[in-house]
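entry_1.csv follows (CSV, C-alpha atoms and all ligand atoms):
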```
chain,number,residue,atom,x,y,z
A,1,MET,CA,110.1,144.6,66.8
A,2,PRO,CA,106.5,145.8,66.7
A,3,ASP,CA,104.1,143.9,68.8
A,4,TRP,CA,101.9,142.7,65.9
A,5,LEU,CA,105.0,141.2,64.3
A,6,SER,CA,106.0,139.4,67.5
A,7,VAL,CA,102.4,138.1,67.9
A,8,ALA,CA,102.4,136.9,64.2
A,9,ILE,CA,105.7,135.1,64.6
A,10,VAL,CA,104.7,133.5,67.9
A,11,PHE,CA,101.4,132.3,66.5
A,12,VAL,CA,103.0,130.8,63.3
A,13,TYR,CA,105.6,128.9,65.3
A,14,GLY,CA,103.1,127.9,67.9
A,15,SER,CA,100.7,126.4,65.3
A,16,ILE,CA,103.6,124.6,63.7
A,17,VAL,CA,104.5,123.1,67.1
A,18,GLY,CA,100.8,122.3,67.5
A,19,SER,CA,101.0,120.4,64.3
A,20,PHE,CA,103.9,118.4,65.7
A,21,LEU,CA,101.9,117.9,68.9
A,22,ASN,CA,99.2,116.2,66.8
A,23,VAL,CA,101.8,113.7,65.6
A,24,LEU,CA,102.9,113.1,69.2
A,25,ILE,CA,99.3,112.7,70.4
A,26,TRP,CA,98.7,110.0,67.8
A,27,ARG,CA,102.0,108.2,67.9
A,28,LEU,CA,103.4,108.3,71.4
A,29,PRO,CA,100.6,106.3,73.0
A,30,ARG,CA,100.9,103.8,70.1
A,31,ASP,CA,104.7,103.5,70.6
A,32,GLU,CA,105.3,104.6,67.0
A,33,SER,CA,108.4,106.6,66.0
A,34,VAL,CA,107.7,110.3,66.0
A,35,VAL,CA,109.9,110.9,63.0
A,36,ARG,CA,109.4,108.0,60.7
A,37,PRO,CA,107.4,107.5,58.5
A,38,PRO,CA,106.5,111.1,57.6
A,39,SER,CA,102.9,112.3,58.2
A,40,HIS,CA,100.4,110.3,56.3
A,41,CYS,CA,96.7,109.5,56.1
A,42,THR,CA,96.0,106.7,58.6
A,43,VAL,CA,93.3,105.3,56.3
A,44,CYS,CA,94.9,105.2,52.8
A,45,GLY,CA,98.6,105.8,53.7
A,46,TYR,CA,98.9,108.9,51.5
A,47,THR,CA,102.0,110.8,52.5
A,48,LEU,CA,101.4,114.4,53.1
A,49,ARG,CA,103.3,116.8,50.9
A,50,ALA,CA,104.6,120.1,52.4
A,51,TRP,CA,101.6,122.0,51.1
A,52,ASP,CA,99.2,119.4,52.6
A,53,ASN,CA,100.8,120.0,56.0
A,54,ILE,CA,100.4,123.7,56.6
A,55,PRO,CA,99.0,124.2,60.1
A,56,LEU,CA,95.3,125.2,60.2
A,57,ILE,CA,95.2,126.2,56.5
A,58,SER,CA,95.5,122.7,55.0
A,59,TRP,CA,92.8,121.4,57.3
A,60,LEU,CA,90.5,124.3,56.3
A,61,ILE,CA,91.2,124.0,52.6
A,62,TYR,CA,90.5,120.3,52.4
A,63,ARG,CA,87.6,120.7,54.9
A,64,GLY,CA,89.0,118.1,57.3
A,65,ARG,CA,89.3,115.4,54.7
A,66,CYS,CA,92.2,113.4,53.3
A,67,ARG,CA,93.2,114.9,49.9
A,68,ASN,CA,93.7,111.5,48.4
A,69,CYS,CA,90.9,109.2,49.8
A,70,GLY,CA,88.5,111.7,51.4
A,71,ALA,CA,88.6,110.0,54.8
A,72,ARG,CA,87.6,112.3,57.6
A,73,ILE,CA,90.5,113.9,59.6
A,74,SER,CA,89.5,114.6,63.2
A,75,SER,CA,88.9,118.3,64.0
A,76,ARG,CA,91.2,117.7,66.9
A,77,TYR,CA,94.1,118.4,64.4
A,78,PHE,CA,92.7,121.8,63.8
A,79,TRP,CA,91.9,122.7,67.4
A,80,ILE,CA,95.3,121.6,68.8
A,81,GLU,CA,97.1,123.8,66.2
A,82,LEU,CA,94.9,126.8,66.9
A,83,PHE,CA,95.0,126.3,70.7
A,84,THR,CA,98.8,125.9,70.7
A,85,GLY,CA,99.2,129.1,68.6
A,86,LEU,CA,96.9,131.0,70.9
A,87,LEU,CA,98.5,129.8,74.1
A,88,TRP,CA,101.9,130.8,72.7
A,89,ILE,CA,100.6,134.3,72.1
A,90,ALA,CA,99.3,134.3,75.7
A,91,VAL,CA,102.8,133.2,76.9
A,92,TRP,CA,104.4,136.0,74.9
A,93,TYR,CA,102.0,138.6,76.3
A,94,ARG,CA,102.8,137.4,79.8
A,95,PHE,CA,106.6,137.2,79.5
A,96,GLY,CA,107.7,139.0,76.4
A,97,TRP,CA,110.9,137.9,74.6
A,98,SER,CA,112.6,136.3,77.5
A,99,LEU,CA,114.0,133.0,78.8
A,100,GLU,CA,110.6,132.5,80.5
A,101,PHE,CA,108.9,132.7,77.2
A,102,PHE,CA,110.9,129.9,75.7
A,103,GLN,CA,110.7,127.8,78.9
A,104,TYR,CA,106.9,128.1,79.3
A,105,ALA,CA,106.0,127.9,75.6
A,106,ALA,CA,107.9,124.6,75.6
A,107,VAL,CA,106.3,123.3,78.8
A,108,ILE,CA,102.8,124.4,77.9
A,109,SER,CA,103.2,122.6,74.5
A,110,ALA,CA,104.2,119.4,76.2
A,111,LEU,CA,101.3,119.9,78.7
A,112,ILE,CA,98.8,120.1,75.8
A,113,ALA,CA,100.1,116.8,74.5
A,114,VAL,CA,99.9,115.3,78.0
A,115,PHE,CA,96.3,116.6,78.3
A,116,ALA,CA,95.1,115.1,75.0
A,117,ILE,CA,96.9,111.7,75.5
A,118,ASP,CA,95.9,111.1,79.1
A,119,LEU,CA,92.3,112.1,78.4
A,120,GLU,CA,92.0,109.4,75.7
A,121,HIS,CA,94.5,106.7,76.7
A,122,TYR,CA,95.0,107.1,80.4
A,123,ILE,CA,98.8,107.2,80.1
A,124,ILE,CA,101.4,109.9,80.3
A,125,PRO,CA,104.3,109.1,77.9
A,126,ASP,CA,107.8,109.2,79.6
A,127,GLN,CA,109.2,111.4,76.7
A,128,LEU,CA,106.8,114.2,77.7
A,129,TRP,CA,107.5,114.5,81.4
A,130,ILE,CA,111.2,113.9,80.9
A,131,PHE,CA,111.2,116.7,78.3
A,132,MET,CA,109.4,119.1,80.7
A,133,ALA,CA,111.7,118.3,83.7
A,134,ALA,CA,114.8,118.8,81.5
A,135,VAL,CA,113.4,122.2,80.4
A,136,GLY,CA,112.8,123.2,84.0
A,137,PHE,CA,116.4,122.3,85.1
A,138,LEU,CA,117.9,123.8,82.0
A,139,ALA,CA,116.0,127.1,82.4
A,140,GLU,CA,117.0,127.5,86.0
A,141,GLY,CA,120.6,126.6,85.2
A,142,ILE,CA,120.8,129.2,82.4
A,143,GLY,CA,118.8,131.7,84.4
A,144,LEU,CA,121.1,131.5,87.4
A,145,ALA,CA,124.3,131.4,85.3
A,146,LEU,CA,123.4,134.4,83.2
A,147,GLY,CA,121.0,136.3,85.4
A,148,TRP,CA,118.2,136.0,82.8
A,149,LYS,CA,115.5,134.6,85.0
A,150,SER,CA,113.1,136.4,87.3
A,151,TYR,CA,110.0,134.3,87.1
A,152,PRO,CA,109.0,132.6,89.4
A,153,TRP,CA,112.4,132.9,91.1
A,154,ASN,CA,115.7,134.6,90.5
A,155,ASP,CA,118.2,133.0,92.9
A,156,LEU,CA,119.0,129.8,94.6
A,157,LEU,CA,117.0,128.7,97.6
A,158,TYR,CA,118.9,128.4,100.8
A,159,LEU,CA,117.8,125.8,103.2
A,160,THR,CA,119.1,125.9,106.7
A,161,VAL,CA,120.6,122.6,107.7
A,162,PRO,CA,119.5,121.5,111.2
A,163,PHE,CA,122.1,121.0,114.0
A,164,THR,CA,124.9,122.8,112.2
A,165,GLY,CA,124.6,126.2,113.8
A,166,GLY,CA,123.0,127.8,110.8
A,167,TRP,CA,124.7,126.3,107.8
A,168,GLU,CA,122.7,127.1,104.7
A,169,LEU,CA,122.6,124.7,101.8
A,170,PRO,CA,121.9,126.1,98.3
A,171,VAL,CA,119.2,124.2,96.5
A,172,PRO,CA,117.8,124.8,93.0
A,173,HIS,CA,114.1,125.5,93.1
A,174,ALA,CA,113.7,123.2,90.2
A,175,LEU,CA,115.1,120.3,92.2
A,176,LEU,CA,113.0,121.0,95.2
A,177,GLY,CA,109.9,121.5,93.1
A,178,PHE,CA,110.6,118.2,91.3
A,179,VAL,CA,111.0,116.2,94.6
A,180,VAL,CA,108.3,118.0,96.7
A,181,TYR,CA,105.5,118.2,94.2
A,182,GLY,CA,106.2,114.7,92.8
A,183,GLY,CA,106.4,113.4,96.4
A,184,ALA,CA,103.2,115.1,97.4
A,185,VAL,CA,101.2,113.5,94.5
A,186,LEU,CA,102.8,110.1,95.4
A,187,LEU,CA,101.7,110.5,99.0
A,188,VAL,CA,98.1,111.5,97.9
A,189,GLY,CA,98.1,108.4,95.6
A,190,ILE,CA,99.2,106.1,98.5
A,191,LEU,CA,96.6,107.6,100.8
A,192,GLY,CA,94.0,107.3,98.1
A,193,GLU,CA,94.8,103.7,97.6
A,194,ILE,CA,94.5,103.0,101.3
A,195,GLY,CA,91.3,105.0,101.5
A,196,PHE,CA,89.5,103.7,98.4
A,197,LYS,CA,91.3,100.3,98.1
A,198,LYS,CA,91.9,101.2,94.5
A,199,GLU,CA,94.5,103.0,92.5
A,200,ALA,CA,93.7,106.7,92.7
A,201,MET,CA,96.6,108.1,90.9
A,202,GLY,CA,99.1,106.3,88.6
A,203,GLY,CA,102.8,106.5,88.4
A,204,GLY,CA,102.4,108.8,85.4
A,205,ASP,CA,100.7,111.4,87.5
A,206,VAL,CA,103.6,111.4,90.0
A,207,LYS,CA,106.2,111.9,87.2
A,208,LEU,CA,104.0,114.6,85.6
A,209,ALA,CA,103.7,116.4,88.9
A,210,ALA,CA,107.5,116.2,89.4
A,211,ALA,CA,108.1,117.6,86.0
A,212,ILE,CA,105.7,120.5,86.6
A,213,GLY,CA,107.4,121.1,90.0
A,214,ALA,CA,110.7,121.5,88.2
A,215,ASN,CA,109.2,124.4,86.3
A,216,ILE,CA,107.1,126.2,88.9
A,217,GLY,CA,108.6,125.1,92.2
A,218,ALA,CA,107.4,123.3,95.3
A,219,THR,CA,104.9,125.7,96.7
A,220,TRP,CA,103.3,126.7,93.5
A,221,GLY,CA,103.2,123.1,92.5
A,222,ILE,CA,101.1,122.2,95.6
A,223,VAL,CA,98.9,125.2,94.9
A,224,SER,CA,98.5,124.1,91.2
A,225,PHE,CA,97.4,120.7,92.5
A,226,LEU,CA,94.6,122.2,94.6
A,227,ILE,CA,93.5,124.4,91.7
A,228,GLY,CA,93.5,121.4,89.3
A,229,ALA,CA,91.6,119.2,91.8
A,230,ALA,CA,89.0,122.0,92.4
A,231,ILE,CA,88.5,122.4,88.6
A,232,GLY,CA,88.4,118.7,88.1
A,233,THR,CA,85.7,118.3,90.8
A,234,VAL,CA,83.6,121.1,89.3
A,235,ILE,CA,83.8,119.4,85.8
A,236,GLY,CA,83.8,115.8,87.0
A,237,ILE,CA,80.5,116.0,89.0
A,238,PRO,CA,78.3,117.0,86.1
A,239,LEU,CA,79.9,114.3,84.0
A,240,ILE,CA,79.0,111.7,86.5
A,241,VAL,CA,75.5,113.2,87.0
A,242,LEU,CA,75.0,113.2,83.2
A,243,GLY,CA,76.1,109.6,83.1
A,244,LYS,CA,79.1,110.3,80.8
A,245,ARG,CA,81.5,108.9,83.4
A,246,GLU,CA,80.5,106.3,85.9
A,247,ARG,CA,82.7,107.3,88.8
A,248,MET,CA,85.3,109.8,89.8
A,249,ASP,CA,88.1,107.2,89.5
A,250,TYR,CA,87.6,106.8,85.7
A,251,ILE,CA,88.4,110.4,85.2
A,252,PRO,CA,92.2,110.6,84.6
A,253,PHE,CA,94.0,113.0,87.0
A,254,GLY,CA,96.7,114.1,84.5
A,255,PRO,CA,94.5,116.7,82.7
A,256,MET,CA,93.6,118.3,86.1
A,257,LEU,CA,97.3,118.6,86.9
A,258,VAL,CA,97.9,120.2,83.5
A,259,VAL,CA,95.1,122.8,84.0
A,260,GLY,CA,96.4,123.7,87.5
A,261,ALA,CA,99.9,124.1,86.2
A,262,ILE,CA,98.9,126.4,83.3
A,263,VAL,CA,96.9,128.6,85.7
A,264,MET,CA,99.9,128.9,88.0
A,265,ILE,CA,102.3,129.6,85.0
A,266,PHE,CA,100.2,132.6,84.0
A,267,PHE,CA,98.8,133.8,87.4
A,268,GLY,CA,101.0,132.3,90.0
A,269,ARG,CA,101.9,135.5,91.8
A,270,GLN,CA,98.3,136.8,91.7
A,271,VAL,CA,96.9,133.5,93.0
A,272,VAL,CA,99.4,133.3,95.9
A,273,ASN,CA,99.0,137.0,96.8
A,274,TRP,CA,95.2,136.6,96.8
A,275,TRP,CA,95.5,133.5,98.9
A,276,LEU,CA,97.8,135.2,101.5
A,277,GLY,CA,95.5,138.2,101.6
A,278,TYR,CA,92.5,136.0,102.1
A,279,ALA,CA,94.3,134.1,104.9
A,280,GLY,CA,95.2,137.5,106.5
A,281,LEU,CA,98.9,136.8,106.1
A,282,ARG,CA,99.8,139.7,103.8
B,301,ZN,ZN,93.6,109.0,52.9
```
As structure tokens, how would this structure be written, given the file I've shared?
Amino acid sequence: MPDWLSVAIVFVYGSIVGSFLNVLIWRLPRDESVVRPPSHCTVCGYTLRAWDNIPLISWLIYRGRCRNCGARISSRYFWIELFTGLLWIAVWYRFGWSLEFFQYAAVISALIAVFAIDLEHYIIPDQLWIFMAAVGFLAEGIGLALGWKSYPWNDLLYLTVPFTGGWELPVPHALLGFVVYGGAVLLVGILGEIGFKKEAMGGGDVKLAAAIGANIGATWGIVSFLIGAAIGTVIGIPLIVLGKRERMDYIPFGPMLVVGAIVMIFFGRQVVNWWLGYAGLR
């Protein structure tokens, strides 16, 4: 298949998924069913026909307005569709047609929804982290069984059991990543609560971190946390200075975990190699 065709296919499907993410971003935090009723204008209730619901194109043709009543439709619908399509292209360029492509296209899509929902509503819906964790375990299971997976690992991890004279216990990376990264964020949350006498990180952040760990593993998970925290600090300080946010604790942590995870999905090897080189360990 020529590259341009792959890119076109990936973009079309990515923007369709982006269109579905818009539904999730609106409905999940409102506890509405994601399948019923079909997409409709939230002002007049007009049910979108198939041709009203073409990703990107419909929004542009109707200039971000409801076809029936003319109510404004947020440009977020357009940007989420575009951004999801573009990120899917990036995943394809990084991984080609592979198990990793399907895994990370799915995970990054869910991360986009988490980002948008947590930023606005300060919650991380269970459906999203459970979906991501399931994708991580499934991808590792399929990858190990069929030998299809090479990123970021291609075999089981063997942990030496203490006091047994060198017994090695095979552990899936996804499981270790789930437990260790989730546990690390839980620990940071507890320490933050002791230190600031205030909830620093919610249970949603712990579950999100665990689900990310199931897809990128324990070590990369921790590194993604540091990257996310660094980016969050760089963005958060100007927001506080400009008076857009009062204090650091009103900035939800989920979006930072999302950004850190996406950086590691694309650049994990480079980041770790750079780090080891910097520390003189390579
Ligand atoms: Zn309307």
Here atom CA of A:Tyr93 and atom CA of A:Asp3 stand apart by 9.4 Å
Hey, what's within 7 Å of A:Pro252 if we count only C-alpha atoms and toss same-chain stuff fewer than 2 positions away? As number ranges by chain, please? A: 118-119, 122, 250, 254-255
Pull the closest atom pair for each residue of chain A that gets at most 10 Å from ligand ZN 301 (chain B), along with the distance in Å to one decimal, counting only C-alpha atoms and all ligand atoms, ordering rows by chain and then ascending residue number, as CSV.
```
residue,atom,partner,partner_atom,distance
A:His40,CA,B:ZN301,ZN,7.7
A:Cys41,CA,B:ZN301,ZN,4.5
A:Thr42,CA,B:ZN301,ZN,6.6
A:Val43,CA,B:ZN301,ZN,5.0
A:Cys44,CA,B:ZN301,ZN,4.0
A:Gly45,CA,B:ZN301,ZN,6.0
A:Tyr46,CA,B:ZN301,ZN,5.5
A:Thr47,CA,B:ZN301,ZN,8.6
A:Leu48,CA,B:ZN301,ZN,9.5
A:Arg65,CA,B:ZN301,ZN,7.9
A:Cys66,CA,B:ZN301,ZN,4.6
A:Arg67,CA,B:ZN301,ZN,6.6
A:Asn68,CA,B:ZN301,ZN,5.1
A:Cys69,CA,B:ZN301,ZN,4.1
A:Gly70,CA,B:ZN301,ZN,6.0
A:Ala71,CA,B:ZN301,ZN,5.4
A:Arg72,CA,B:ZN301,ZN,8.3
A:Ile73,CA,B:ZN301,ZN,8.9
```
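Residues within 9 Å of stretch 186-203 of chain A, counting only C-alpha atoms and excluding same-chain residues fewer than 2 positions away, are A:Ile123, A:Ile124, A:Tyr181, A:Gly182, A:Gly183, A:Ala184, A:Asp205, A:Val206, A:Lys207, A:Leu208, A:Asp249, A:Pro252, A:Phe253, A:Gly254.
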How far is it from atom CA of A:Val258 to atom CA of A:Gly228, in Å with one decimal?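 Distance between the two atoms: 7.4 Å.
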Let me make sure I understand: among A:Ile54, A:Ala113, A:Val7, A:Leu159, which one has the smallest atom-to-atom distance to A:Trp97 if we use only C-alpha atoms?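 Using only C-alpha atoms, the shortest distance to A:Trp97 belongs to A:Val7.
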I'd like the interatomic distance between atom CA of A:Phe11 and atom CA of A:Glu81, to a tenth of an Å.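 Computed distance, atom CA of A:Phe11 to atom CA of A:Glu81, equals 9.5 Å.
Nearest residue to A:Leu156, choosing from A:Thr233, A:Gly221, A:Trp88, A:Glu168 and counting all atoms listed in the file: A:Glu168.
Across A:Pro162, A:Pro38, A:Pro29, A:Gly85, the tightest approach to A:Ala8 is made by A:Gly85 when counting all atoms listed in the file.
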Counting only C-alpha atoms, closest pick from A:Pro172, A:Pro152, A:Gly166, A:Gly260 relative to A:Phe95 is A:Pro152
A:Ser98, A:Thr164, A:Thr84, A:Ser74: which is nearest A:Leu111, counting only C-alpha atoms? A:Thr84
Using all atoms listed in the file, which of the listed residues (A:Phe178, A:Trp220, A:Phe20, A:Phe137) sits closest to A:Ser109?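 Between A:Phe178, A:Trp220, A:Phe20, A:Phe137, the residue approaching A:Ser109 most closely is A:Phe20.
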Give me, as a list of chain:residue names, all polymer residues having an atom no more than 9 Å from A:Val180, counting only C-alpha atoms and skipping those fewer than 6 positions away in the same chain. A:Ala210, A:Gly213, A:Gly217, A:Ala218, A:Thr219, A:Gly221, A:Ile222
